[in-house]
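Asker: This is input23.txt (compact mmCIF, C-alpha atoms).
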```txt
# COMPACT_ATOMS: atom_id res chain seq x y z
CA MET N 1 8.41 -19.22 24.38
CA GLY N 2 12.10 -18.84 25.01
CA ARG N 3 14.33 -16.06 23.75
CA LEU N 4 17.25 -16.87 21.49
CA ALA N 5 20.60 -15.36 22.34
CA GLY N 6 21.07 -11.84 21.12
CA TYR N 7 17.53 -11.48 19.78
CA GLY N 8 16.48 -8.63 22.02
CA ARG N 9 19.70 -6.71 21.31
CA SER N 10 19.27 -7.21 17.56
CA LEU N 11 15.72 -5.90 17.59
CA PHE N 12 16.72 -2.93 19.74
CA ARG N 13 19.30 -1.92 17.15
CA ILE N 14 16.85 -2.37 14.28
CA PHE N 15 13.76 -0.66 15.73
CA THR N 16 14.05 3.02 16.65
CA GLY N 17 11.17 5.25 17.68
CA ALA N 18 7.60 4.35 18.56
CA GLY N 19 6.47 3.31 15.10
CA ALA N 20 7.46 2.74 11.47
CA VAL N 21 5.97 4.56 8.51
CA LEU N 22 3.49 2.23 6.83
CA LEU N 23 4.10 3.35 3.25
CA MET N 24 2.20 1.37 0.67
CA LEU N 25 0.74 -0.94 3.35
CA THR N 26 -2.53 0.85 3.87
CA ALA N 27 -4.93 -1.37 1.95
CA LEU N 28 -7.66 -2.78 4.18
CA ALA N 29 -7.54 -6.56 4.70
CA SER N 30 -10.55 -8.80 5.15
CA ALA N 31 -10.88 -10.83 8.33
CA GLN N 32 -10.37 -14.04 6.38
CA GLU N 33 -7.23 -12.99 4.48
CA ARG N 34 -4.47 -15.54 4.62
CA LEU N 35 -1.22 -14.62 6.34
CA GLY N 36 1.02 -17.38 5.01
CA GLY N 37 4.19 -16.14 3.29
CA VAL N 38 7.58 -14.54 3.78
CA TYR N 39 7.82 -10.86 4.76
CA TYR N 40 10.79 -8.47 4.82
CA GLY N 41 11.07 -5.53 7.22
CA LEU N 42 10.69 -1.94 6.02
CA ASP N 43 12.15 1.29 7.37
CA SER N 44 13.37 0.71 10.95
CA ALA N 45 12.49 -2.99 10.63
CA GLN N 46 15.03 -3.60 7.86
CA GLY N 47 17.01 -6.76 8.55
CA LEU N 48 14.07 -8.65 10.01
CA THR N 49 12.27 -11.48 8.26
CA ILE N 50 8.95 -13.07 9.20
CA GLN N 51 7.99 -16.49 7.86
CA LEU N 52 4.37 -17.53 8.43
CA GLN N 53 2.21 -20.55 7.73
CA ASP N 54 -1.56 -20.49 8.19
CA ALA N 55 -2.54 -23.04 10.82
CA GLY N 56 -6.16 -23.66 11.79
CA GLY N 57 -7.20 -20.85 14.07
CA GLY N 58 -3.98 -18.87 13.69
CA ALA N 59 -0.50 -19.01 12.20
CA THR N 60 2.90 -20.46 13.02
CA GLY N 61 6.34 -19.44 11.88
CA ARG N 62 9.42 -17.52 12.90
CA ILE N 63 10.73 -13.96 13.14
CA SER N 64 14.47 -13.65 12.50
CA ALA N 65 17.00 -10.83 12.81
CA ALA N 66 19.84 -10.15 10.38
CA ASP N 67 22.35 -11.96 12.62
CA GLY N 68 20.31 -15.18 12.44
CA SER N 69 18.81 -14.97 15.91
CA GLY N 70 15.06 -15.18 16.27
CA GLN N 71 12.13 -16.86 17.92
CA ALA N 72 9.11 -18.90 17.03
CA ILE N 73 5.67 -17.54 16.25
CA ASN N 74 2.68 -19.52 17.45
CA GLY N 75 -0.25 -17.17 17.04
CA ARG N 76 -4.00 -17.37 17.51
CA ARG N 77 -6.49 -15.70 15.20
CA GLN N 78 -8.29 -12.64 16.58
CA GLY N 79 -10.50 -10.97 14.01
CA GLY N 80 -8.37 -10.14 10.97
CA SER N 81 -5.11 -10.41 12.94
CA VAL N 82 -2.95 -13.07 14.61
CA ILE N 83 -1.79 -12.55 18.20
CA THR N 84 1.46 -14.13 19.41
CA ASP N 85 3.83 -13.83 22.37
CA LEU N 86 7.04 -11.95 21.56
CA ILE N 87 10.11 -10.89 23.53
CA PHE N 88 11.41 -7.47 22.45
CA ARG N 89 13.95 -5.19 24.16
CA GLY N 90 14.28 -7.85 26.82
CA LYS N 91 10.60 -7.57 27.73
CA ARG N 92 7.76 -9.98 27.30
CA GLY N 93 4.72 -8.84 25.40
CA THR N 94 2.30 -9.66 22.63
CA ALA N 95 2.52 -8.94 18.92
CA ARG N 96 -0.47 -8.33 16.67
CA LEU N 97 0.21 -9.32 13.05
CA THR N 98 -2.28 -7.81 10.63
CA PRO N 99 -2.42 -8.14 6.81
CA LYS N 100 -2.01 -4.72 5.17
CA GLY N 101 -2.67 -5.37 1.51
CA LEU N 102 0.95 -5.36 0.30
CA GLY N 103 2.41 -6.81 3.44
CA LEU N 104 2.09 -7.05 7.17
CA GLY N 105 1.66 -4.55 10.00
CA VAL N 106 3.04 -5.62 13.38
CA THR N 107 2.19 -3.96 16.70
CA TRP N 108 4.11 -5.12 19.77
CA THR N 109 2.65 -4.33 23.20
CA PRO N 110 4.84 -4.96 26.29
CA GLN N 111 3.30 -6.46 29.39
CA ASP N 112 4.67 -3.67 31.58
CA GLY N 113 2.73 -0.98 29.72
CA SER N 114 5.86 0.94 28.69
CA GLY N 115 4.58 1.72 25.18
CA GLU N 116 3.89 -0.20 22.01
CA VAL N 117 6.07 -0.41 18.90
CA VAL N 118 4.62 -0.46 15.39
CA PHE N 119 6.48 -1.57 12.27
CA ALA N 120 5.84 -2.85 8.77
CA PHE N 121 6.86 -5.69 6.47
CA ARG N 122 6.39 -6.27 2.75
CA ARG N 123 5.50 -9.62 1.25
CA ARG N 124 8.32 -11.32 -0.64
CA SER N 125 8.14 -10.95 -4.44
CA LEU N 126 6.24 -7.64 -4.29
CA GLU N 127 8.19 -4.72 -5.71
CA LEU N 128 7.95 -1.39 -3.89
CA PRO N 129 7.68 1.66 -6.14
CA PRO N 130 10.35 4.35 -5.97
CA LEU N 131 9.31 7.77 -4.75
CA PRO N 132 8.47 9.70 -7.93
CA PRO N 133 9.50 13.32 -8.61
CA GLY N 134 7.02 15.65 -6.96
CA PHE N 135 6.13 13.24 -4.16
CA GLN N 136 4.84 14.80 -0.94
CA PRO N 137 4.00 13.10 2.37
CA GLU N 138 0.38 12.79 3.47
CA PRO N 139 -1.21 16.24 3.81
CA TYR N 140 -3.09 17.30 6.91
CA ALA N 141 -6.89 17.27 6.78
CA GLY N 142 -8.26 20.08 4.64
CA ALA N 143 -4.92 20.97 3.04
CA GLN N 144 -5.03 22.10 -0.58
CA VAL N 145 -3.20 19.64 -2.84
CA GLU N 146 -2.30 20.26 -6.47
CA PRO N 147 -3.60 17.54 -8.86
CA HIS N 148 -0.11 16.69 -10.15
CA THR N 149 1.07 16.31 -6.52
CA PHE N 150 -1.83 13.93 -5.93
CA LEU N 151 -0.73 11.80 -8.89
CA ALA N 152 2.88 11.73 -7.67
CA SER N 153 1.94 10.79 -4.11
CA TYR N 154 -1.39 8.93 -3.80
CA GLU N 155 0.18 5.44 -3.83
CA PHE N 156 1.95 6.26 -0.57
CA TRP N 157 -1.04 7.80 1.23
CA SER N 158 -3.74 6.11 3.27
CA PRO N 159 -7.03 5.40 1.44
CA ASP N 160 -8.94 7.96 3.54
CA ILE N 161 -6.47 10.73 2.65
CA VAL N 162 -6.58 9.73 -1.03
CA ALA N 163 -10.38 9.87 -0.97
CA ASN N 164 -10.46 13.29 0.69
CA VAL N 165 -7.93 14.80 -1.70
CA TYR N 166 -9.50 13.22 -4.79
CA ASP N 167 -12.86 14.71 -3.84
CA SER N 168 -11.24 18.16 -3.55
CA ILE N 169 -9.57 18.09 -6.99
CA GLU N 170 -11.33 20.10 -9.67
CA GLU N 171 -13.42 17.98 -12.04
CA GLN N 172 -11.38 18.95 -15.11
CA TYR N 173 -8.32 17.26 -13.57
CA ARG N 174 -10.25 14.21 -12.38
CA ALA N 175 -11.52 13.89 -15.96
CA LEU N 176 -7.92 13.96 -17.23
CA ILE N 177 -6.91 11.23 -14.78
CA ARG N 178 -9.84 9.08 -15.96
CA LEU N 179 -8.39 9.17 -19.50
CA PHE N 180 -5.46 7.03 -18.30
CA PRO N 181 -7.12 3.66 -17.52
CA VAL N 182 -4.28 1.95 -15.65
CA VAL N 183 -3.67 4.89 -13.33
CA HIS N 184 -7.44 5.30 -12.98
CA THR N 185 -7.70 1.64 -11.91
CA ASP N 186 -5.05 2.16 -9.24
CA VAL N 187 -6.74 5.32 -7.95
CA ILE N 188 -10.12 3.54 -7.83
CA TRP N 189 -8.56 0.76 -5.75
CA LYS N 190 -7.47 3.35 -3.19
CA LEU N 191 -10.87 5.05 -3.22
CA CYS N 192 -12.61 1.72 -2.69
CA GLN N 193 -10.49 1.04 0.40
CA SER N 194 -11.55 4.26 2.11
CA ALA N 195 -13.55 3.81 5.31
CA THR N 196 -15.88 6.61 4.19
CA GLN N 197 -17.30 6.45 0.70
CA PRO N 198 -15.79 9.39 -1.21
CA ALA N 199 -18.35 11.53 -3.00
CA GLU N 200 -16.65 11.05 -6.39
CA LEU N 201 -16.33 7.24 -6.21
CA GLY N 202 -19.55 6.69 -8.14
CA GLN N 203 -18.33 8.94 -10.96
CA ALA N 204 -14.95 7.18 -10.98
CA LEU N 205 -16.66 3.79 -11.40
CA ARG N 206 -19.25 4.94 -13.95
CA GLY N 207 -18.88 3.12 -17.25
CA GLU N 208 -15.92 1.03 -16.06
CA GLY N 209 -17.90 -2.22 -15.75
CA VAL N 210 -16.61 -3.15 -12.29
CA THR N 211 -17.47 -2.83 -8.61
CA CYS N 212 -15.17 -2.06 -5.69
CA ALA N 213 -15.44 -5.69 -4.58
CA GLU N 214 -14.19 -6.90 -7.98
CA VAL N 215 -11.30 -4.43 -8.06
CA ASP N 216 -10.19 -5.41 -4.56
CA ARG N 217 -10.54 -9.15 -5.19
CA ILE N 218 -8.57 -9.15 -8.44
CA LEU N 219 -5.73 -6.92 -7.23
CA LYS N 220 -5.33 -8.84 -3.98
CA ALA N 221 -5.30 -12.16 -5.87
CA SER N 222 -2.65 -10.76 -8.25
CA GLN N 223 -0.30 -10.23 -5.30
CA LYS N 224 0.19 -13.98 -5.10
CA THR N 225 1.70 -13.99 -8.60
CA ASP N 226 3.82 -11.55 -10.60
CA GLY N 227 0.61 -10.03 -11.95
CA PHE N 228 0.59 -7.28 -9.34
CA ASN N 229 4.17 -6.27 -10.12
CA ARG N 230 3.30 -6.09 -13.83
CA PHE N 231 0.25 -3.98 -13.05
CA LYS N 232 2.27 -1.54 -10.94
CA ARG N 233 4.91 -1.21 -13.65
CA ARG N 234 2.13 -0.20 -16.05
CA VAL N 235 0.81 2.26 -13.46
CA HIS N 236 4.20 3.94 -13.10
CA ALA N 237 4.76 4.14 -16.86
CA GLU N 238 1.33 5.62 -17.52
CA ARG N 239 1.49 7.95 -14.53
CA ALA N 240 4.33 9.88 -16.17
CA ASP N 241 2.00 10.69 -19.08
CA ALA N 242 -0.91 11.51 -16.77
CA MET N 243 1.25 13.90 -14.74
CA LYS N 244 2.46 15.67 -17.89
CA ALA N 245 -1.14 16.07 -19.05
CA VAL N 246 -2.22 17.57 -15.73
CA GLU N 247 0.85 19.80 -15.46
CA CYS N 248 0.30 21.10 -18.99
CA ALA N 249 -3.35 21.82 -18.17
CA ARG N 250 -2.08 23.90 -15.26
CA GLY N 251 0.42 25.78 -17.47
CA ILE N 252 3.52 24.32 -15.83
CA HIS N 253 5.36 23.09 -18.97
CA GLN N 254 6.56 24.77 -22.15
CA PRO N 255 4.44 24.37 -25.32
CA GLY N 256 6.86 21.92 -26.93
CA ILE N 257 6.50 19.47 -24.05
CA CYS N 258 2.73 19.90 -23.97
CA ILE N 259 2.29 19.14 -27.67
CA GLU N 260 3.75 15.66 -27.12
CA ALA N 261 1.77 15.31 -23.87
CA ALA N 262 -1.42 16.10 -25.80
CA ARG N 263 -0.62 13.37 -28.33
CA ARG N 264 -0.11 10.83 -25.55
CA THR N 265 -3.31 11.91 -23.85
CA GLN N 266 -5.24 11.56 -27.11
CA ARG N 267 -3.86 8.05 -27.62
CA ALA N 268 -4.91 7.10 -24.09
CA ALA N 269 -8.37 8.58 -24.60
CA THR N 270 -9.00 6.70 -27.85
CA ALA N 271 -7.62 3.34 -26.70
CA LEU N 272 -11.09 2.32 -25.41
CA GLU N 273 -9.48 0.54 -22.46
CA THR N 274 -11.54 0.47 -19.26
CA VAL N 275 -10.84 -0.54 -15.68
CA LYS N 276 -12.50 -3.88 -16.49
CA THR N 277 -10.13 -4.58 -19.38
CA VAL N 278 -7.12 -3.45 -17.32
CA LEU N 279 -8.05 -5.92 -14.58
CA ARG N 280 -8.71 -8.66 -17.12
CA GLY N 281 -5.13 -8.30 -18.36
CA ILE N 282 -3.50 -8.73 -14.92
```
Translate the structure of the given file into structure tokens.
Answerer:
Amino acid sequence: MGRLAGYGRSLFRIFTGAGAVLLMLTALASAQERLGGVYYGLDSAQGLTIQLQDAGGGATGRISAADGSGQAINGRRQGGSVITDLIFRGKRGTARLTPKGLGLGVTWTPQDGSGEVVFAFRRRSLELPPLPPGFQPEPYAGAQVEPHTFLASYEFWSPDIVANVYDSIEEQYRALIRLFPVVHTDVIWKLCQSATQPAELGQALRGEGVTCAEVDRILKASQKTDGFNRFKRRVHAERADAMKAVECARGIHQPGICIEAARRTQRAATALETVKTVLRGI
């Protein structure tokens, strides 16, 4: 596969460092997930676009830089990924394109063994959430995390980290989170994606009328429509109330703020909405 003029230089300017932060692209993908679609580069990959079409045992398409240069993709399926030849930084190598729930993870490995590059793309039409107040990056294993920090940050953490932190939160705060059904649905989706079954997953699912497989199937299917964006908007709106409730329980806010937070929490608790009804409305 030939290199188009300027492509290597464009990529070199766009990609810096050994890897890109895969925020919000940590959902596990099944081996049969379809890759077809348009993807836009995140972080150090900004300015790049990948267009893919599923094709038999792989995928075809094109990766393009901001200046219009690019090259074809003609990949073969390997497990849950597609492998294709790619020229980057003037070197030949292979790229592994892997579905990551909300987008695409790409790992490029040069033939000369000089070190791989990892970067991320989001699927077109999916809205990325802004970093909320109180957000913190992924904690190290065993770190103590406040429950309101968990609520502000879990969307941007890997499922395994979310599961570990959720298990460590005191039950009174997990119970508060469960009162907010849309946020609870989003948290359950993360817990279900964890490679190790979190101890509190069974409690989180109890009485919700769904299984992990159903949650994953419905939310992944919603990404092909505007349903997922609508769901996430509801998550972000309700999360503000959930955070206030948790912060008030921890004595962070003044009484005046907490009186209104208590009213909102009571309304959420008496709404009789479950994870099943949340998913039904997507």
Asker: Can you measure atom CA of N:Thr196 to atom CA of N:His148 for me? One decimal in Å is fine.
Answerer: 23.6 Å
Asker: What's the separation between atom CA of N:Val183 and atom CA of N:Val275, in Å to one decimal place?
Answerer: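 Value for the atom CA of N:Val183-atom CA of N:Val275 distance: 9.3 Å.
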Asker: Could you please determine the separation between atom CA of N:Ala195 and atom CA of N:Val165 in Å, to one decimal place?
Answerer: 14.2 Å
Asker: Show which residues sit within 9 Å of N:Leu201, as a short mmCIF file (atom, residue, chain, number, x, y, z; two decimals) with C-alpha atoms, in the coordinates of the input. Count only C-alpha atoms, and ignore same-chain residues fewer than 5 positions away.
Answerer:
```cif
data_model
loop_
_atom_site.label_atom_id
_atom_site.label_comp_id
_atom_site.auth_asym_id
_atom_site.auth_seq_id
_atom_site.Cartn_x
_atom_site.Cartn_y
_atom_site.Cartn_z
CA ALA N 163 -10.38 9.87 -0.97
CA ASP N 167 -12.86 14.71 -3.84
CA ILE N 188 -10.12 3.54 -7.83
CA LEU N 191 -10.87 5.05 -3.22
CA CYS N 192 -12.61 1.72 -2.69
CA ARG N 206 -19.25 4.94 -13.95
#
```
Asker: Is there a way to get, as a PyMOL selection string, all residues within 8 Å of the point (13.5, -11.8, 14.7) in file coordinates, counting only C-alpha atoms?
Answerer: chain N and resi 7+10-11+48-50+62-66+68-71
Asker: For each of N:Ala55, N:Glu170, N:Arg123, N:Ala45, take the minimum atom-to-atom distance to N:Thr107, counting only C-alpha atoms, then give the residue where this is smallest.
Answerer: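 The closest residue to N:Thr107 is N:Ala45.
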Asker: Given all atoms listed in the file as the basis, pick out the residue of N:Gly75, N:Gly105, N:Gly90, N:Pro133 nearest to N:Arg239.
Answerer: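 Looking only at the distances to N:Arg239, the closest residue turns out to be N:Pro133.
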Asker: So which residues touch N:Phe231 within 12 Å, counting all atoms listed in the file, skipping near sequence neighbours fewer than 5 positions away, as a list in words?
Answerer: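 The residues that qualify are Leu126, Glu127, Pro129, Pro181, Val182, Val183, Thr185, Asp186, Ile218, Leu219, Lys220, Ser222, Gln223, Thr225, Asp226, His236, Ala237, Glu238, Val275, Val278, Leu279, Arg280, Gly281 and Ile282 of chain N.
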Asker: Rank N:Asn74, N:Ala141, N:Gly113, N:Lys232 by their smallest atom-to-atom distance to N:Glu155, using only C-alpha atoms, and report the top residue only.
Answerer: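 Smallest separation from N:Glu155 among the options: N:Lys232.
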Asker: Go through N:Tyr40, N:Gln203, N:Gln193, N:Met243 one by one, measure the shortest atom-to-atom distance of each to N:Phe135 using all atoms listed in the file, and give the residue with the smallest value.
Answerer: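 Residue with the minimum atom-to-atom distance to N:Phe135: N:Met243.
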Asker: Calculated over all atoms listed in the file, which of the candidates N:Pro147, N:Pro110, N:Pro159, N:Gly256 has the smallest distance to N:Trp189?
Answerer: N:Pro159
Asker: Nearest to N:Arg178: which of N:Glu273, N:Gly79, N:Arg234, N:Gly36 is it, counting all atoms listed in the file?
Answerer: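 Under the stated criterion, the closest residue is N:Glu273.
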Asker: May I ask you to restore N, CA and C atoms in stretch 95-111 of chain N and write the result as an mmCIF file, keeping the file's coordinate frame?
Answerer:
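Output file rebuild17.cif follows:
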```cif
data_model
loop_
_atom_site.group_PDB
_atom_site.id
_atom_site.type_symbol
_atom_site.label_atom_id
_atom_site.label_comp_id
_atom_site.auth_asym_id
_atom_site.auth_seq_id
_atom_site.Cartn_x
_atom_site.Cartn_y
_atom_site.Cartn_z
ATOM 1 N N ALA N 95 2.437 -9.564 20.229
ATOM 2 C CA ALA N 95 2.520 -8.940 18.920
ATOM 3 C C ALA N 95 1.240 -9.214 18.143
ATOM 4 N N ARG N 96 0.699 -8.180 17.540
ATOM 5 C CA ARG N 96 -0.470 -8.330 16.670
ATOM 6 C C ARG N 96 -0.005 -8.210 15.221
ATOM 7 N N LEU N 97 -0.196 -9.269 14.447
ATOM 8 C CA LEU N 97 0.210 -9.320 13.050
ATOM 9 C C LEU N 97 -1.041 -9.168 12.189
ATOM 10 N N THR N 98 -1.080 -8.111 11.386
ATOM 11 C CA THR N 98 -2.280 -7.810 10.630
ATOM 12 C C THR N 98 -1.952 -7.639 9.151
ATOM 13 N N PRO N 99 -2.643 -8.346 8.247
ATOM 14 C CA PRO N 99 -2.420 -8.140 6.810
ATOM 15 C C PRO N 99 -2.712 -6.699 6.436
ATOM 16 N N LYS N 100 -1.837 -6.110 5.606
ATOM 17 C CA LYS N 100 -2.010 -4.720 5.170
ATOM 18 C C LYS N 100 -1.890 -4.624 3.663
ATOM 19 N N GLY N 101 -2.613 -5.469 2.967
ATOM 20 C CA GLY N 101 -2.670 -5.370 1.510
ATOM 21 C C GLY N 101 -1.383 -5.811 0.844
ATOM 22 N N LEU N 102 -0.322 -5.025 0.922
ATOM 23 C CA LEU N 102 0.950 -5.360 0.300
ATOM 24 C C LEU N 102 1.928 -5.981 1.269
ATOM 25 N N GLY N 103 1.494 -6.244 2.475
ATOM 26 C CA GLY N 103 2.410 -6.810 3.440
ATOM 27 C C GLY N 103 1.765 -7.066 4.774
ATOM 28 N N LEU N 104 2.477 -6.680 5.825
ATOM 29 C CA LEU N 104 2.090 -7.050 7.170
ATOM 30 C C LEU N 104 2.397 -5.885 8.111
ATOM 31 N N GLY N 105 1.431 -5.506 8.928
ATOM 32 C CA GLY N 105 1.660 -4.550 10.000
ATOM 33 C C GLY N 105 1.798 -5.290 11.315
ATOM 34 N N VAL N 106 2.782 -4.932 12.107
ATOM 35 C CA VAL N 106 3.040 -5.620 13.380
ATOM 36 C C VAL N 106 3.054 -4.589 14.504
ATOM 37 N N THR N 107 2.233 -4.825 15.512
ATOM 38 C CA THR N 107 2.190 -3.960 16.700
ATOM 39 C C THR N 107 2.578 -4.798 17.906
ATOM 40 N N TRP N 108 3.654 -4.400 18.582
ATOM 41 C CA TRP N 108 4.110 -5.120 19.770
ATOM 42 C C TRP N 108 3.747 -4.321 21.010
ATOM 43 N N THR N 109 3.082 -4.974 21.965
ATOM 44 C CA THR N 109 2.650 -4.330 23.200
ATOM 45 C C THR N 109 3.298 -5.013 24.387
ATOM 46 N N PRO N 110 4.173 -4.329 25.137
ATOM 47 C CA PRO N 110 4.840 -4.960 26.290
ATOM 48 C C PRO N 110 3.882 -5.159 27.452
ATOM 49 N N GLN N 111 4.155 -6.180 28.237
ATOM 50 C CA GLN N 111 3.300 -6.460 29.390
ATOM 51 C C GLN N 111 3.377 -5.381 30.450
#
```
